[in-house]
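With mmCIF, C-alpha atoms and all ligand atoms inside, this is input-v3.cif:
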data_my_file
loop_
_atom_site.label_atom_id
_atom_site.label_comp_id
_atom_site.auth_asym_id
_atom_site.auth_seq_id
_atom_site.Cartn_x
_atom_site.Cartn_y
_atom_site.Cartn_z
CA MET A 152 61.38 11.19 -8.02
CA ALA A 153 61.02 14.65 -6.59
CA ALA A 154 58.29 14.94 -4.00
CA THR A 155 55.36 17.00 -5.24
CA SER A 156 54.87 20.03 -3.09
CA LEU A 157 51.23 20.60 -2.29
CA ALA A 158 49.73 23.57 -0.57
CA SER A 159 48.34 22.46 2.77
CA PRO A 160 44.62 21.90 2.45
CA ALA A 161 42.30 24.49 3.91
CA PRO A 162 40.88 23.36 7.26
CA ILE A 163 37.35 21.98 7.08
CA THR A 164 35.07 24.20 9.09
CA ALA A 165 31.31 24.48 9.15
CA ILE A 166 31.47 27.48 6.82
CA SER A 167 33.95 25.93 4.39
CA ARG A 168 31.12 23.68 3.14
CA PHE A 169 27.91 25.28 1.92
CA LEU A 170 25.96 22.06 2.43
CA ILE A 171 26.54 19.04 4.67
CA PRO A 172 23.94 16.27 4.40
CA ASP A 173 22.12 15.45 7.63
CA LEU A 174 21.25 11.77 7.50
CA PRO A 175 20.63 9.31 10.35
CA SER A 176 23.68 7.70 11.97
CA ALA A 177 24.53 4.02 11.55
CA SER A 178 23.12 3.26 14.99
CA GLU A 179 19.82 4.95 14.11
CA VAL A 180 19.53 2.83 10.95
CA LEU A 181 20.65 -0.40 12.61
CA PRO A 182 17.26 -1.52 14.05
CA TYR A 183 15.83 -1.43 10.52
CA LEU A 184 18.83 -3.33 9.10
CA ARG A 185 18.20 -5.99 11.74
CA GLN A 186 14.63 -6.26 10.45
CA LEU A 187 16.12 -6.77 7.00
CA ASP A 188 18.30 -9.58 8.34
CA GLU A 189 15.21 -11.21 9.83
CA ALA A 190 12.98 -10.86 6.80
CA ARG A 191 15.67 -11.48 4.13
CA TRP A 192 13.57 -9.36 1.80
CA TYR A 193 15.71 -6.75 0.07
CA SER A 194 13.60 -5.20 -2.69
CA ASN A 195 10.27 -5.61 -4.56
CA PHE A 196 8.02 -3.69 -2.18
CA GLY A 197 9.20 -5.42 0.98
CA PRO A 198 8.02 -4.64 4.52
CA LEU A 199 10.34 -1.64 5.01
CA VAL A 200 9.29 0.08 1.76
CA CYS A 201 5.63 -0.53 2.66
CA GLU A 202 6.11 0.88 6.17
CA PHE A 203 8.04 3.88 4.81
CA GLU A 204 5.29 4.61 2.28
CA GLU A 205 2.55 4.30 4.90
CA LYS A 206 4.36 6.74 7.20
CA LEU A 207 5.00 9.17 4.34
CA GLN A 208 1.37 8.97 3.32
CA ARG A 209 0.23 9.79 6.89
CA LEU A 210 2.72 12.67 7.05
CA LEU A 211 1.47 14.20 3.81
CA ALA A 212 -2.18 13.62 4.71
CA ARG A 213 -1.65 15.42 8.05
CA ALA A 214 0.02 18.34 6.26
CA ASP A 215 -2.75 18.54 3.64
CA ARG A 216 -4.50 21.87 4.03
CA THR A 217 -7.31 20.99 1.64
CA PRO A 218 -9.08 18.14 3.42
CA GLY A 219 -12.21 16.90 1.70
CA GLN A 220 -10.49 17.35 -1.66
CA GLY A 221 -9.59 13.68 -1.93
CA SER A 222 -6.97 11.38 -0.49
CA ILE A 223 -3.27 11.50 -1.18
CA TYR A 224 -1.56 8.51 -2.82
CA LEU A 225 2.15 7.97 -3.30
CA THR A 226 4.79 5.53 -4.38
CA THR A 227 8.51 5.53 -3.64
CA LEU A 228 11.06 5.33 -6.44
CA VAL A 229 14.84 5.29 -6.88
CA SER A 230 15.13 9.06 -7.42
CA GLY A 231 13.35 12.35 -7.90
CA HIS A 232 14.53 12.36 -11.50
CA HIS A 233 12.70 9.09 -12.13
CA ALA A 234 9.58 10.43 -10.41
CA LEU A 235 9.56 13.26 -12.98
CA GLU A 236 10.23 10.91 -15.86
CA VAL A 237 7.54 8.39 -14.98
CA ALA A 238 5.02 11.18 -14.36
CA LEU A 239 5.65 12.62 -17.83
CA HIS A 240 5.43 9.17 -19.36
CA LEU A 241 2.10 8.44 -17.66
CA ILE A 242 0.49 11.69 -18.83
CA GLY A 243 1.36 10.78 -22.41
CA ILE A 244 4.47 12.87 -23.06
CA THR A 245 6.33 11.29 -25.99
CA ARG A 246 8.24 12.28 -29.11
CA GLY A 247 6.83 15.39 -30.76
CA LYS A 248 5.47 16.84 -27.50
CA LYS A 249 6.77 19.96 -25.76
CA VAL A 250 7.13 20.54 -22.04
CA LEU A 251 7.56 24.02 -20.57
CA LEU A 252 9.80 24.31 -17.51
CA PRO A 253 11.79 27.12 -15.88
CA ALA A 254 15.27 27.90 -17.23
CA VAL A 255 16.42 28.11 -13.61
CA THR A 256 16.34 24.61 -12.17
CA PHE A 257 18.35 21.39 -11.94
CA PRO A 258 19.23 19.53 -15.17
CA ALA A 259 17.05 16.60 -14.00
CA CYS A 260 14.00 18.55 -15.25
CA PRO A 261 14.90 18.90 -18.95
CA LEU A 262 16.67 15.52 -18.93
CA SER A 263 13.47 13.80 -17.76
CA VAL A 264 11.66 15.48 -20.68
CA GLN A 265 14.33 14.44 -23.18
CA HIS A 266 14.19 10.84 -21.94
CA THR A 267 10.54 10.62 -22.98
CA GLY A 268 11.57 11.76 -26.48
CA ALA A 269 9.85 15.12 -26.02
CA GLU A 270 11.37 18.59 -26.18
CA ALA A 271 11.96 20.92 -23.22
CA VAL A 272 11.07 24.59 -23.69
CA LEU A 273 12.88 26.73 -21.13
CA ALA A 274 10.80 29.56 -19.68
CA ASP A 275 12.09 32.78 -18.19
CA ILE A 276 11.24 33.25 -14.52
CA ASP A 277 9.05 35.69 -12.67
CA PRO A 278 11.32 38.15 -10.78
CA ALA A 279 8.85 38.35 -7.87
CA THR A 280 8.77 34.61 -7.13
CA TRP A 281 12.03 33.54 -8.86
CA THR A 282 10.25 30.82 -10.80
CA LEU A 283 7.80 29.82 -13.53
CA THR A 284 4.24 31.02 -12.76
CA PRO A 285 0.89 30.01 -14.28
CA ASP A 286 0.73 33.42 -16.00
CA ILE A 287 4.05 32.85 -17.75
CA ALA A 288 2.91 29.36 -18.77
CA ARG A 289 -0.42 30.78 -20.00
CA ALA A 290 1.42 33.33 -22.16
CA ALA A 291 3.62 30.61 -23.68
CA ALA A 292 0.69 28.22 -24.26
CA ALA A 293 -1.37 30.97 -25.93
CA ARG A 294 1.25 31.38 -28.65
CA HIS A 295 2.97 27.99 -28.94
CA GLN A 296 2.50 24.25 -28.68
CA ILE A 297 2.88 23.31 -25.01
CA ASP A 298 1.75 19.78 -24.02
CA ALA A 299 2.70 19.82 -20.34
CA VAL A 300 4.20 22.19 -17.79
CA MET A 301 6.76 21.34 -15.10
CA PRO A 302 6.82 24.16 -12.52
CA VAL A 303 9.55 23.91 -9.89
CA ALA A 304 9.39 24.57 -6.15
CA LEU A 305 12.78 26.30 -6.31
CA TYR A 306 15.12 25.58 -3.37
CA GLY A 307 12.23 23.82 -1.63
CA VAL A 308 9.88 26.82 -1.47
CA PRO A 309 6.43 25.28 -2.12
CA LEU A 310 4.25 26.43 -5.01
CA PRO A 311 0.63 27.50 -4.52
CA VAL A 312 -1.41 24.69 -6.08
CA ALA A 313 -4.80 26.33 -6.69
CA PRO A 314 -3.45 28.57 -9.50
CA TRP A 315 -1.86 25.57 -11.20
CA ASP A 316 -5.10 23.58 -10.95
CA GLU A 317 -6.88 26.57 -12.47
CA PHE A 318 -4.29 26.67 -15.26
CA SER A 319 -4.87 22.97 -16.06
CA ARG A 320 -8.67 23.32 -15.98
CA GLU A 321 -8.55 26.35 -18.24
CA THR A 322 -6.02 25.10 -20.79
CA GLY A 323 -6.36 21.31 -20.53
CA ILE A 324 -2.56 21.17 -20.14
CA PRO A 325 -1.33 18.76 -17.45
CA VAL A 326 1.10 19.89 -14.75
CA VAL A 327 3.90 17.92 -13.07
CA ILE A 328 5.22 19.84 -10.07
CA ASP A 329 8.90 19.29 -9.34
CA ALA A 330 8.95 19.73 -5.58
CA ALA A 331 12.29 17.94 -5.21
CA ALA A 332 13.24 19.58 -1.91
CA ALA A 333 9.73 20.30 -0.62
CA VAL A 334 8.50 17.05 0.96
CA GLU A 335 5.57 17.74 3.30
CA VAL A 336 5.49 21.51 2.65
CA GLN A 337 4.34 21.19 -0.98
CA GLN A 338 0.57 20.78 -1.12
CA VAL A 339 -0.82 18.23 -3.58
CA PRO A 340 -2.88 19.73 -6.42
CA GLN A 341 -6.26 18.32 -7.41
CA LEU A 342 -5.15 17.60 -10.95
CA GLY A 343 -1.38 17.50 -11.16
CA VAL A 344 1.35 15.17 -9.99
CA VAL A 345 4.12 16.04 -7.51
CA ALA A 346 7.67 14.63 -7.61
CA HIS A 347 9.98 14.72 -4.59
CA SER A 348 13.66 13.85 -4.19
CA LEU A 349 15.14 12.02 -1.20
CA HIS A 350 18.71 12.65 -2.36
CA ALA A 351 21.23 13.05 0.48
CA THR A 352 21.38 16.81 -0.08
CA LYS A 353 17.63 17.27 0.34
CA PRO A 354 16.03 17.99 3.75
CA LEU A 355 14.48 14.49 3.94
CA GLY A 356 17.57 12.73 2.61
CA VAL A 357 17.94 8.97 2.51
CA GLY A 358 20.90 8.76 0.09
CA GLU A 359 19.05 8.29 -3.19
CA GLY A 360 15.29 8.09 -3.56
CA GLY A 361 12.19 9.75 -4.87
CA ILE A 362 8.43 9.94 -4.30
CA LEU A 363 5.60 10.42 -6.76
CA VAL A 364 2.46 11.88 -5.17
CA SER A 365 -1.01 12.43 -6.61
CA ARG A 366 -4.68 12.48 -5.66
CA ASP A 367 -5.26 10.07 -8.56
CA SER A 368 -4.87 6.55 -7.17
CA HIS A 369 -4.87 5.04 -10.67
CA MET A 370 -1.91 7.23 -11.70
CA VAL A 371 0.07 6.20 -8.61
CA GLU A 372 -0.77 2.53 -9.11
CA ARG A 373 0.47 2.75 -12.70
CA ALA A 374 3.68 4.50 -11.57
CA ARG A 375 4.26 1.73 -9.05
CA ARG A 376 3.72 -0.93 -11.68
CA TYR A 377 5.98 0.96 -14.12
CA SER A 378 8.69 1.03 -11.44
CA ASN A 379 8.78 -2.79 -11.45
CA PHE A 380 9.03 -3.59 -15.18
CA GLY A 381 5.35 -2.82 -15.81
CA THR A 382 4.45 -6.05 -14.02
CA SER A 383 1.83 -7.22 -11.61
CA GLU A 384 1.96 -10.82 -10.35
CA ARG A 385 4.99 -11.26 -12.66
CA ILE A 386 2.92 -10.49 -15.76
CA CYS A 387 3.97 -7.47 -17.79
CA HIS A 388 0.95 -5.24 -18.46
CA MET A 389 2.58 -2.02 -19.58
CA ASP A 390 5.86 -0.32 -20.40
CA GLY A 391 8.15 -0.16 -17.41
CA SER A 392 11.60 -0.08 -15.94
CA ASN A 393 13.36 -1.01 -12.74
CA ILE A 394 13.09 2.15 -10.65
CA LYS A 395 11.64 0.87 -7.39
CA MET A 396 13.15 1.73 -4.01
CA SER A 397 15.21 -0.95 -2.23
CA GLU A 398 14.67 -2.05 1.37
CA TYR A 399 18.06 -0.53 2.28
CA HIS A 400 16.96 2.94 1.28
CA ALA A 401 13.64 2.47 3.06
CA ALA A 402 15.62 1.50 6.20
CA VAL A 403 17.43 4.86 6.06
CA GLY A 404 14.12 6.56 5.25
CA LEU A 405 12.41 5.11 8.33
CA ALA A 406 15.32 6.19 10.53
CA GLN A 407 15.21 9.63 8.93
CA LEU A 408 11.46 9.97 9.59
CA ASN A 409 12.15 9.32 13.29
CA ARG A 410 14.30 12.47 13.36
CA TRP A 411 12.29 14.51 10.83
CA ASP A 412 10.74 16.84 13.43
CA ALA A 413 14.20 17.59 14.85
CA VAL A 414 15.65 18.15 11.34
CA LYS A 415 12.84 20.60 10.54
CA GLN A 416 13.25 22.40 13.83
CA ARG A 417 17.03 22.81 13.42
CA ARG A 418 16.66 24.14 9.87
CA GLY A 419 13.87 26.48 10.98
CA GLU A 420 16.06 27.87 13.78
CA LEU A 421 18.97 28.44 11.38
CA LEU A 422 16.72 30.22 8.93
CA SER A 423 15.31 32.51 11.64
CA LEU A 424 18.84 33.36 12.79
CA TYR A 425 19.96 34.12 9.25
CA LEU A 426 16.93 36.33 8.60
CA GLN A 427 17.47 38.14 11.88
CA HIS A 428 21.20 38.78 11.26
CA LEU A 429 20.70 39.69 7.59
CA GLY A 430 17.89 42.12 8.46
CA PRO A 431 20.14 45.23 8.61
CA LEU A 432 21.52 44.38 5.12
CA ARG A 433 18.10 44.50 3.45
CA LYS A 434 19.08 47.38 1.22
CA PHE A 435 22.00 45.35 -0.22
CA LEU A 436 20.38 41.96 -0.68
CA SER A 437 17.17 39.97 -0.51
CA VAL A 438 16.25 36.36 0.19
CA GLN A 439 13.85 34.09 -1.66
CA PRO A 440 10.20 35.17 -1.35
CA ASN A 441 8.18 32.88 0.95
CA ILE A 442 11.35 31.14 2.17
CA ASP A 443 9.90 30.54 5.61
CA ALA A 444 7.45 28.07 4.05
CA ALA A 445 10.42 25.82 3.11
CA VAL A 446 12.50 23.33 5.08
CA VAL A 447 15.64 24.99 3.77
CA SER A 448 18.57 23.00 2.39
CA LEU A 449 20.03 25.59 -0.02
CA PHE A 450 20.12 29.21 1.11
CA VAL A 451 20.61 31.84 -1.54
CA LEU A 452 21.11 35.62 -1.38
CA LEU A 453 20.16 37.94 -4.23
CA PHE A 454 22.41 41.00 -4.19
CA THR A 455 20.91 44.31 -5.23
CA ARG A 456 24.02 45.76 -6.83
CA SER A 457 27.03 43.52 -6.17
CA SER A 458 27.99 41.04 -8.86
CA GLY A 459 27.65 37.39 -7.88
CA ASP A 460 31.10 36.62 -9.28
CA SER A 461 32.82 39.18 -7.08
CA VAL A 462 30.84 38.13 -3.98
CA MET A 463 31.85 34.50 -4.55
CA ARG A 464 35.48 35.47 -5.09
CA GLU A 465 35.64 37.64 -1.98
CA LEU A 466 33.79 35.21 0.29
CA GLY A 467 36.05 32.42 -1.01
CA LYS A 468 39.13 34.41 0.06
CA ARG A 469 37.62 34.62 3.54
CA GLY A 470 37.03 30.89 3.81
CA VAL A 471 33.26 30.99 3.20
CA SER A 472 32.05 28.33 0.79
CA THR A 473 29.49 29.54 -1.76
CA HIS A 474 27.45 28.06 -4.60
CA ARG A 475 25.16 29.00 -7.41
CA SER A 476 22.94 25.92 -7.53
CA TYR A 477 20.55 25.91 -10.52
CA PHE A 478 22.68 28.55 -12.22
CA PRO A 479 23.76 29.27 -14.90
CA PRO A 480 20.31 29.06 -16.55
CA LEU A 481 19.91 25.79 -18.41
CA TYR A 482 20.14 27.25 -21.94
CA ARG A 483 23.78 28.09 -21.10
CA HIS A 484 24.59 24.41 -20.44
CA PRO A 485 26.16 22.84 -23.55
CA HIS A 486 23.72 19.90 -23.49
CA PHE A 487 20.68 22.19 -23.61
CA ALA A 488 22.12 24.67 -26.12
CA ASN A 489 19.52 23.57 -28.67
CA ALA A 490 16.51 24.07 -26.39
CA ALA A 491 13.93 26.70 -27.33
CA VAL A 492 13.48 29.50 -24.78
CA SER A 493 10.36 31.48 -23.92
CA ASP A 494 10.24 34.91 -22.29
CA VAL A 495 7.61 35.94 -19.72
CA ASN A 496 5.27 37.17 -22.48
CA GLY A 497 5.37 33.86 -24.35
CA GLY A 498 7.82 35.06 -27.00
CA VAL A 499 9.63 31.89 -28.01
CA LEU A 500 13.11 31.83 -29.55
CA SER A 501 13.84 28.63 -31.43
CA GLY A 502 16.56 26.31 -30.20
CA ALA A 503 18.66 27.29 -33.21
CA ALA A 504 19.24 30.82 -31.87
CA ASP A 505 22.74 31.34 -30.48
CA VAL A 506 23.32 31.55 -26.75
CA GLU A 507 24.01 35.31 -26.75
CA THR A 508 20.61 35.96 -28.37
CA LYS A 509 18.96 33.68 -25.82
CA GLN A 510 20.67 35.53 -22.97
CA GLU A 511 19.25 38.84 -24.26
CA HIS A 512 15.80 37.25 -24.50
CA MET A 513 15.79 35.73 -20.99
CA VAL A 514 16.02 38.97 -19.05
CA ASN A 515 15.01 37.80 -15.58
CA SER A 516 17.03 34.57 -15.53
CA GLU A 517 20.10 36.53 -16.60
CA SER A 518 19.52 39.28 -14.07
CA MET A 519 19.33 36.72 -11.26
CA PHE A 520 22.33 34.79 -12.54
CA ALA A 521 24.43 37.96 -12.34
CA ARG A 522 23.55 38.64 -8.68
CA VAL A 523 22.77 35.39 -6.90
CA VAL A 524 25.06 33.60 -4.42
CA GLY A 525 24.31 30.70 -2.07
CA VAL A 526 25.94 30.71 1.37
CA PRO A 527 26.49 27.88 3.88
CA PHE A 528 23.32 26.39 5.35
CA HIS A 529 23.36 23.07 7.17
CA SER A 530 22.58 21.55 10.56
CA PHE A 531 26.23 21.54 11.62
CA MET A 532 26.54 25.35 11.66
CA SER A 533 26.53 27.05 15.03
CA GLU A 534 25.21 30.55 15.59
CA PRO A 535 28.80 31.94 15.66
CA ASP A 536 29.46 30.26 12.25
CA LEU A 537 26.37 31.90 10.85
CA VAL A 538 27.30 35.27 12.34
CA THR A 539 30.76 34.95 10.71
CA VAL A 540 29.16 34.38 7.30
CA VAL A 541 26.84 37.37 7.73
CA GLU A 542 29.71 39.54 9.00
CA GLU A 543 31.80 38.66 5.91
CA VAL A 544 28.85 39.49 3.67
CA ARG A 545 28.33 42.77 5.52
CA ARG A 546 31.98 43.79 5.12
CA LEU A 547 31.87 42.97 1.47
CA VAL A 548 28.73 44.99 0.64
CA TYR A 549 29.97 47.98 2.63
CA ASP A 550 33.39 47.81 0.92
CA ALA A 551 31.81 47.64 -2.53
C1 LIG B 1 14.98 20.84 -8.60
C2 LIG B 1 15.41 19.40 -8.68
N1 LIG B 1 14.67 18.57 -9.42
C3 LIG B 1 14.98 17.27 -9.53
C4 LIG B 1 16.07 16.74 -8.90
C5 LIG B 1 16.41 15.30 -9.07
O1 LIG B 1 16.31 14.57 -7.88
P1 LIG B 1 17.17 13.26 -7.67
O2 LIG B 1 18.57 13.67 -7.37
O3 LIG B 1 16.53 12.58 -6.51
O4 LIG B 1 17.08 12.47 -8.92
C6 LIG B 1 16.87 17.56 -8.11
C7 LIG B 1 18.05 17.02 -7.44
O5 LIG B 1 18.88 17.69 -6.89
C8 LIG B 1 16.53 18.93 -8.01
O6 LIG B 1 17.26 19.77 -7.27
#

In structure tokens, how does this file's structure come out?
Amino acid sequence: MAATSLASPAPITAISRFLIPDLPSASEVLPYLRQLDEARWYSNFGPLVCEFEEKLQRLLARADRTPGQGSIYLTTLVSGHHALEVALHLIGITRGKKVLLPAVTFPACPLSVQHTGAEAVLADIDPATWTLTPDIARAAAARHQIDAVMPVALYGVPLPVAPWDEFSRETGIPVVIDAAAAVEVQQVPQLGVVAHSLHATKPLGVGEGGILVSRDSHMVERARRYSNFGTSERICHMDGSNIKMSEYHAAVGLAQLNRWDAVKQRRGELLSLYLQHLGPLRKFLSVQPNIDAAVVSLFVLLFTRSSGDSVMRELGKRGVSTHRSYFPPLYRHPHFANAAVSDVNGGVLSGAADVETKQEHMVNSESMFARVVGVPFHSFMSEPDLVTVVEEVRRLVYDA
């Protein structure tokens, strides 16, 4: 048989991968695995999960900028997706209900809605903040049935909670904040629920995992019970599933918390360097508003004039890995082709409309999709790597 001739693979460099997870090493996890060996307790809210939750709770309480507004409660789960799903379930989202969420986010958001039997309505985004705002939700709710809203802390940039609390008080509509990549930086609202992801690609990665956070202890207790087949003392009291975190993931989580300050510091330094080097290119591109409030894991540039496709093509030729995470907008994904869409004024197009008509309707999501490109951002980049990326971007915008 003739040997297949393969092109030699491109060398792996720090800039040939736009994201490299930064998890604890085996030796950092080992002390916790030894505890597992001792205890022989592997799941069902064992000592490591309890310790991980206590430490997370202290971390979030310390970061809480609204002391006196009530305590923070949380439970760990198998994933951020399941945190969203259980939150929707517990606020009564079922068949016949409609949940508004931004068209620019990860598929986990509309999938969690669909899994409750409800329908996702995809909202256009605010061009100033790149995401769904209370004003956009208000406009949609004034004209259509909306039973819950799922705003998203896009790329880990936290959402202001007071306006969402105000929205819920005013409309009576509950809010589930998807703050997948915003552990610690996302404040906890008075009324809503927050879902975080501990997926390997997130800043506080443990492999797979999620956290549900609320100021309502009853809600968190019910989520915890739901996560273990709806049981307490082996008696089933409510609907449930098996979505609790294992001791193995908590072991990684505890090791990750030990290095959390260093992880944050490294990502903060990288962000400052990027902002400093990109400064002279301000007329050609912008970065996400309020990005310095995030612990960045995905770094995205919005080009003023250049098309995202051509930027990706050109950077690819120069060995720079790029991405367009959370794009295309969800209504362009085949699985969500039947979802209704809502523009920023609350004008809803039914799911039956064809995708071209939806694209015309969703002006801001489309405008971003045409011009957005993510560039490498991870702890393993050196300053020269970062300067190379910026230099390639600079050449490209000047050549255009
Ligand atoms: C915005 C957003 N929401 C939800 C999720 C789901 O989190 P998980 O992967 O932990 O299920 C992700 C995961 O990448 C995400 O990016």

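For the atom pair formed by atom CA of A:Val250 and atom C4 of ligand LIG 1 (chain B), the distance is 16.3 Å, given to one decimal.
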
Quiz prompt | Who sits within 10 Å of stretch 206-208 of chain A, only C-alpha atoms, same chain under 4 positions skipped, as a ChimeraX atom specification | solution = /A:200-202,212-214,222-227,334-335,362,364,404-405,408

Produce a file of the selected residues containing C-alpha atoms, as a PDB file, in the coordinates of the input.
ATOM      1  CA  VAL A 200       9.290   0.080   1.760  1.00  0.00           C
ATOM      2  CA  CYS A 201       5.630  -0.530   2.660  1.00  0.00           C
ATOM      3  CA  GLU A 202       6.110   0.880   6.170  1.00  0.00           C
ATOM      4  CA  ALA A 212      -2.180  13.620   4.710  1.00  0.00           C
ATOM      5  CA  ARG A 213      -1.650  15.420   8.050  1.00  0.00           C
ATOM      6  CA  ALA A 214       0.020  18.340   6.260  1.00  0.00           C
ATOM      7  CA  SER A 222      -6.970  11.380  -0.490  1.00  0.00           C
ATOM      8  CA  ILE A 223      -3.270  11.500  -1.180  1.00  0.00           C
ATOM      9  CA  TYR A 224      -1.560   8.510  -2.820  1.00  0.00           C
ATOM     10  CA  LEU A 225       2.150   7.970  -3.300  1.00  0.00           C
ATOM     11  CA  THR A 226       4.790   5.530  -4.380  1.00  0.00           C
ATOM     12  CA  THR A 227       8.510   5.530  -3.640  1.00  0.00           C
ATOM     13  CA  VAL A 334       8.500  17.050   0.960  1.00  0.00           C
ATOM     14  CA  GLU A 335       5.570  17.740   3.300  1.00  0.00           C
ATOM     15  CA  ILE A 362       8.430   9.940  -4.300  1.00  0.00           C
ATOM     16  CA  VAL A 364       2.460  11.880  -5.170  1.00  0.00           C
ATOM     17  CA  GLY A 404      14.120   6.560   5.250  1.00  0.00           C
ATOM     18  CA  LEU A 405      12.410   5.110   8.330  1.00  0.00           C
ATOM     19  CA  LEU A 408      11.460   9.970   9.590  1.00  0.00           C
TER      20      LEU A 408
END

Residues of stretch 302-401 of chain A at most 12 Å from stretch 464-485 of chain A: nearest atom pair and distance in Å, all atoms listed in the file, as JSON lines:
{"residue": "A:Val303", "atom": "CA", "partner": "A:Tyr477", "partner_atom": "CA", "distance": 11.2}
{"residue": "A:Leu305", "atom": "CA", "partner": "A:Tyr477", "partner_atom": "CA", "distance": 8.8}
{"residue": "A:Tyr306", "atom": "CA", "partner": "A:Ser476", "partner_atom": "CA", "distance": 8.9}
{"residue": "A:Thr352", "atom": "CA", "partner": "A:Ser476", "partner_atom": "CA", "distance": 11.9}

Quick one: contact table of chain A to ligand LIG 1 (chain B), 10 Å max, nearest atom pair and distance in Å to one decimal per residue, counting all atoms listed in the file, chain and number order, as JSON lines?
{"residue": "A:Leu228", "atom": "CA", "partner": "B:LIG1", "partner_atom": "O3", "distance": 9.1}
{"residue": "A:Val229", "atom": "CA", "partner": "B:LIG1", "partner_atom": "O3", "distance": 7.5}
{"residue": "A:Ser230", "atom": "CA", "partner": "B:LIG1", "partner_atom": "O3", "distance": 3.9}
{"residue": "A:Gly231", "atom": "CA", "partner": "B:LIG1", "partner_atom": "O3", "distance": 3.5}
{"residue": "A:His232", "atom": "CA", "partner": "B:LIG1", "partner_atom": "O4", "distance": 3.6}
{"residue": "A:His233", "atom": "CA", "partner": "B:LIG1", "partner_atom": "O4", "distance": 6.4}
{"residue": "A:Ala234", "atom": "CA", "partner": "B:LIG1", "partner_atom": "O4", "distance": 7.9}
{"residue": "A:Leu235", "atom": "CA", "partner": "B:LIG1", "partner_atom": "C3", "distance": 7.6}
{"residue": "A:Glu236", "atom": "CA", "partner": "B:LIG1", "partner_atom": "O4", "distance": 9.9}
{"residue": "A:Val255", "atom": "CA", "partner": "B:LIG1", "partner_atom": "C1", "distance": 8.9}
{"residue": "A:Thr256", "atom": "CA", "partner": "B:LIG1", "partner_atom": "C1", "distance": 5.4}
{"residue": "A:Phe257", "atom": "CA", "partner": "B:LIG1", "partner_atom": "C1", "distance": 4.8}
{"residue": "A:Pro258", "atom": "CA", "partner": "B:LIG1", "partner_atom": "N1", "distance": 7.4}
{"residue": "A:Ala259", "atom": "CA", "partner": "B:LIG1", "partner_atom": "C3", "distance": 5.0}
{"residue": "A:Cys260", "atom": "CA", "partner": "B:LIG1", "partner_atom": "N1", "distance": 5.9}
{"residue": "A:Pro261", "atom": "CA", "partner": "B:LIG1", "partner_atom": "N1", "distance": 9.5}
{"residue": "A:Leu262", "atom": "CA", "partner": "B:LIG1", "partner_atom": "C3", "distance": 9.7}
{"residue": "A:Ser263", "atom": "CA", "partner": "B:LIG1", "partner_atom": "C3", "distance": 9.1}
{"residue": "A:Pro302", "atom": "CA", "partner": "B:LIG1", "partner_atom": "C1", "distance": 9.6}
{"residue": "A:Val303", "atom": "CA", "partner": "B:LIG1", "partner_atom": "C1", "distance": 6.4}
{"residue": "A:Ala304", "atom": "CA", "partner": "B:LIG1", "partner_atom": "C1", "distance": 7.2}
{"residue": "A:Leu305", "atom": "CA", "partner": "B:LIG1", "partner_atom": "C1", "distance": 6.3}
{"residue": "A:Tyr306", "atom": "CA", "partner": "B:LIG1", "partner_atom": "C1", "distance": 7.1}
{"residue": "A:Gly307", "atom": "CA", "partner": "B:LIG1", "partner_atom": "C1", "distance": 8.1}
{"residue": "A:Ile328", "atom": "CA", "partner": "B:LIG1", "partner_atom": "N1", "distance": 9.6}
{"residue": "A:Asp329", "atom": "CA", "partner": "B:LIG1", "partner_atom": "N1", "distance": 5.8}
{"residue": "A:Ala330", "atom": "CA", "partner": "B:LIG1", "partner_atom": "C1", "distance": 6.8}
{"residue": "A:Ala331", "atom": "CA", "partner": "B:LIG1", "partner_atom": "N1", "distance": 4.9}
{"residue": "A:Ala332", "atom": "CA", "partner": "B:LIG1", "partner_atom": "O6", "distance": 6.7}
{"residue": "A:Ala333", "atom": "CA", "partner": "B:LIG1", "partner_atom": "C1", "distance": 9.6}
{"residue": "A:Ala346", "atom": "CA", "partner": "B:LIG1", "partner_atom": "C3", "distance": 8.0}
{"residue": "A:His347", "atom": "CA", "partner": "B:LIG1", "partner_atom": "O1", "distance": 7.1}
{"residue": "A:Ser348", "atom": "CA", "partner": "B:LIG1", "partner_atom": "O3", "distance": 3.9}
{"residue": "A:Leu349", "atom": "CA", "partner": "B:LIG1", "partner_atom": "O3", "distance": 5.5}
{"residue": "A:His350", "atom": "CA", "partner": "B:LIG1", "partner_atom": "O3", "distance": 4.7}
{"residue": "A:Ala351", "atom": "CA", "partner": "B:LIG1", "partner_atom": "O2", "distance": 8.3}
{"residue": "A:Thr352", "atom": "CA", "partner": "B:LIG1", "partner_atom": "O5", "distance": 7.3}
{"residue": "A:Lys353", "atom": "CA", "partner": "B:LIG1", "partner_atom": "O5", "distance": 7.3}
{"residue": "A:Gly356", "atom": "CA", "partner": "B:LIG1", "partner_atom": "O3", "distance": 9.2}
{"residue": "A:Val357", "atom": "CA", "partner": "B:LIG1", "partner_atom": "O3", "distance": 9.8}
{"residue": "A:Gly358", "atom": "CA", "partner": "B:LIG1", "partner_atom": "O3", "distance": 8.8}
{"residue": "A:Glu359", "atom": "CA", "partner": "B:LIG1", "partner_atom": "O3", "distance": 6.0}
{"residue": "A:Gly360", "atom": "CA", "partner": "B:LIG1", "partner_atom": "O3", "distance": 5.5}
{"residue": "A:Gly361", "atom": "CA", "partner": "B:LIG1", "partner_atom": "O3", "distance": 5.4}
{"residue": "A:Ile362", "atom": "CA", "partner": "B:LIG1", "partner_atom": "O3", "distance": 8.8}
{"residue": "A:Leu449", "atom": "CA", "partner": "B:LIG1", "partner_atom": "O6", "distance": 9.7}
{"residue": "A:Ser476", "atom": "CA", "partner": "B:LIG1", "partner_atom": "O6", "distance": 8.4}
{"residue": "A:Tyr477", "atom": "CA", "partner": "B:LIG1", "partner_atom": "O6", "distance": 7.7}
